[in-house]
Amino acid sequence: MNLRRARAFTKLDLLILVAAAGMLVLWVLYGSVGLHRRPRRSARVGCTTNLKQVALAFSLWQTDQDLTNFPWEVPTPIGTAADAQSTNVFRHFAVISNELQNLRVLTCPAEKTRKPALSWGALRNDNISYFINVTPSLDVQSVIAGDRDLATNNRPLGGYNVISDAKALEWKKVLHEHGGNVALAEGSSHETTTRQLRQCFTNTPIHLAIP
C-alpha cells in the first residue's frame with residue numbers, strides 16, 4: 001500500500017500564515033478602536049439633539065408668553081431676571097418646564113458625574129450640563145446655551161461669569177475632547193471647535209451662567 005508523502009511546509013505557506021495573522025490582528029484592533037469611538041460620537045450627537053430641544057423650548061416659551069425676550073430678561077414671576085447674575089442656573093431651565101417636559105434633555109449623554117433630576121421640583125445645577133448666555137439683547141443668531149465644559153485661559157468656569165474677550169474662551173476635555181456644542185436662539189444646535197466657539201460670540205462683554 002502506497003502512502004502519499006506529506007507535503008513540506010514552504011516559505012509561501014509561512015508568508016500566507018503571517019499575512020492572515022496580521023490581518024486578524026488589524027481587524028481586532030480596528031474593532032476595538034471603533035467600539036471606543038462610536039459611544040463618543042453617539043454622545044456628541046445626543047448632546048446636539050438635547051441642545052436643539054432646549055433652544056426650541058425657549059423659543060416656544062417666548063411664543064406662549066407673547067414675548068420677544070428670554071426668561072432671564074423678564075421679571076418674576078414670569079421670567080428669571082432676578083437670577084440672571086446669580087449661580088442659580090437651574091432656574092432658567094425650570095421656567096420652561098411646560099415647553100420642555102423631558103428632564104433627561106438637560107443632561108449631556110457624555111456626562112460621567114451628573115444625572116438627570118427625578119422631577120422639576122428636584123432640579124438643581126448638578127442635574128444640568130448646559131450653560132445659559134444671559135447677555136442682554138440677543139438676536140436670532142446668538143448662542144443662548146451650550147456645553148458647560150468651558151474655560152478661560154485654562155481656568156474652568158462655573159457660576160456667573162463676565163467675559164470681556166471671546167478669544168479667552170475655550171472648550172475643555174471633560175465632555176467632548178476639546179470640542180463642544182452650542183444652541184442658537186433661532187432653534188438650531190451645532191458642534192463647534194474652540195475657534196468656532198469664539199466666533200459665535202460677537203457681543204461683548206459675554207455674560208454666562210454655568211451650572
# chains A, B, ... in the order shown; residues from 1 in each chain; ligands from 1

$ closest_atom_pairs --of "range 44-154 of chain A" --to "range 170-190 of chain A" --cutoff "8 Å" --atoms "only C-alpha atoms" --output "CSV"
residue,atom,partner,partner_atom,distance
A:Arg44,CA,A:His176,CA,6.9
A:Cys47,CA,A:Asn181,CA,7.2
A:Thr48,CA,A:Ser189,CA,5.7
A:Thr49,CA,A:Ser189,CA,7.4
A:Leu51,CA,A:Ala183,CA,5.6
A:Lys52,CA,A:Ser189,CA,5.0
A:Gln53,CA,A:Gly187,CA,7.8
A:Val54,CA,A:Ala183,CA,7.8
A:Ala55,CA,A:Gly187,CA,4.8
A:Leu56,CA,A:Gly187,CA,4.9
A:Ser59,CA,A:Gly187,CA,7.1
A:Ala110,CA,A:Leu175,CA,5.6
A:Glu111,CA,A:Leu175,CA,6.5
A:Leu138,CA,A:Ala185,CA,7.7
A:Asp139,CA,A:Ala185,CA,7.0
A:Val140,CA,A:Ala185,CA,4.7
A:Gln141,CA,A:Leu184,CA,5.8
A:Ser142,CA,A:Leu184,CA,5.4
A:Val143,CA,A:Leu184,CA,4.4
A:Ile144,CA,A:Leu184,CA,5.5
A:Ala145,CA,A:Ala183,CA,5.2
A:Gly146,CA,A:Val182,CA,4.0
A:Asp147,CA,A:Asn181,CA,5.8
A:Asp149,CA,A:Lys172,CA,5.5
A:Leu150,CA,A:Trp171,CA,4.9
A:Ala151,CA,A:Glu170,CA,5.3
A:Thr152,CA,A:Glu170,CA,6.0
A:Asn153,CA,A:Glu170,CA,7.5
A:Asn154,CA,A:Glu170,CA,7.8

$ select_by_dssp --residues "range 26-133 of chain A" --states "strand (DSSP E)" --output "ChimeraX atom specification"
/A:130-133

$ closest_residue --among "A:Thr76, A:Pro211, A:Gln65, A:Thr202" --to "Leu106 in chain A" --atoms "only C-alpha atoms"
A:Pro211

$ closest_residue --among "A:Asn125, A:Val134, A:Thr192, A:Ile206" --to "Ala168 in chain A" --atoms "only C-alpha atoms"
A:Ile206

$ atom_distance --atom1 "CA of Gly46 in chain A" --atom2 "CA of Thr80 in chain A"
27.4 Å

$ atom_distance --atom1 "CA of Leu197 in chain A" --atom2 "CA of Leu123 in chain A"
27.6 Å

$ closest_residue --among "A:Ala117, A:Cys200, A:Val74, A:Ala57" --to "Ile96 in chain A" --atoms "only C-alpha atoms"
A:Ala57

$ select_by_dssp --residues "range 79-196 of chain A" --states "helix (DSSP H, G or I)" --output "PyMOL selection string"
chain A and resi 81-83+90-94+97-100+103-106+120-122+125-127+166-168+194-196

$ residues_around --residues "Leu118 in chain A" --least-positions-apart "6" --cutoff "12 Å" --atoms "only C-alpha atoms" --output "CSV table (one decimal) with C-alpha atoms, in the first residue's frame"
chain,number,residue,atom,x,y,z
A,101,GLN,CA,-41.1,68.3,29.8
A,102,ASN,CA,-38.3,65.7,29.4
A,103,LEU,CA,-35.8,66.4,32.1
A,104,ARG,CA,-33.2,64.0,30.6
A,106,LEU,CA,-30.8,68.8,30.3
A,107,THR,CA,-28.0,66.2,30.9
A,124,ARG,CA,-30.6,71.7,40.6
A,127,ASN,CA,-28.5,67.9,37.1
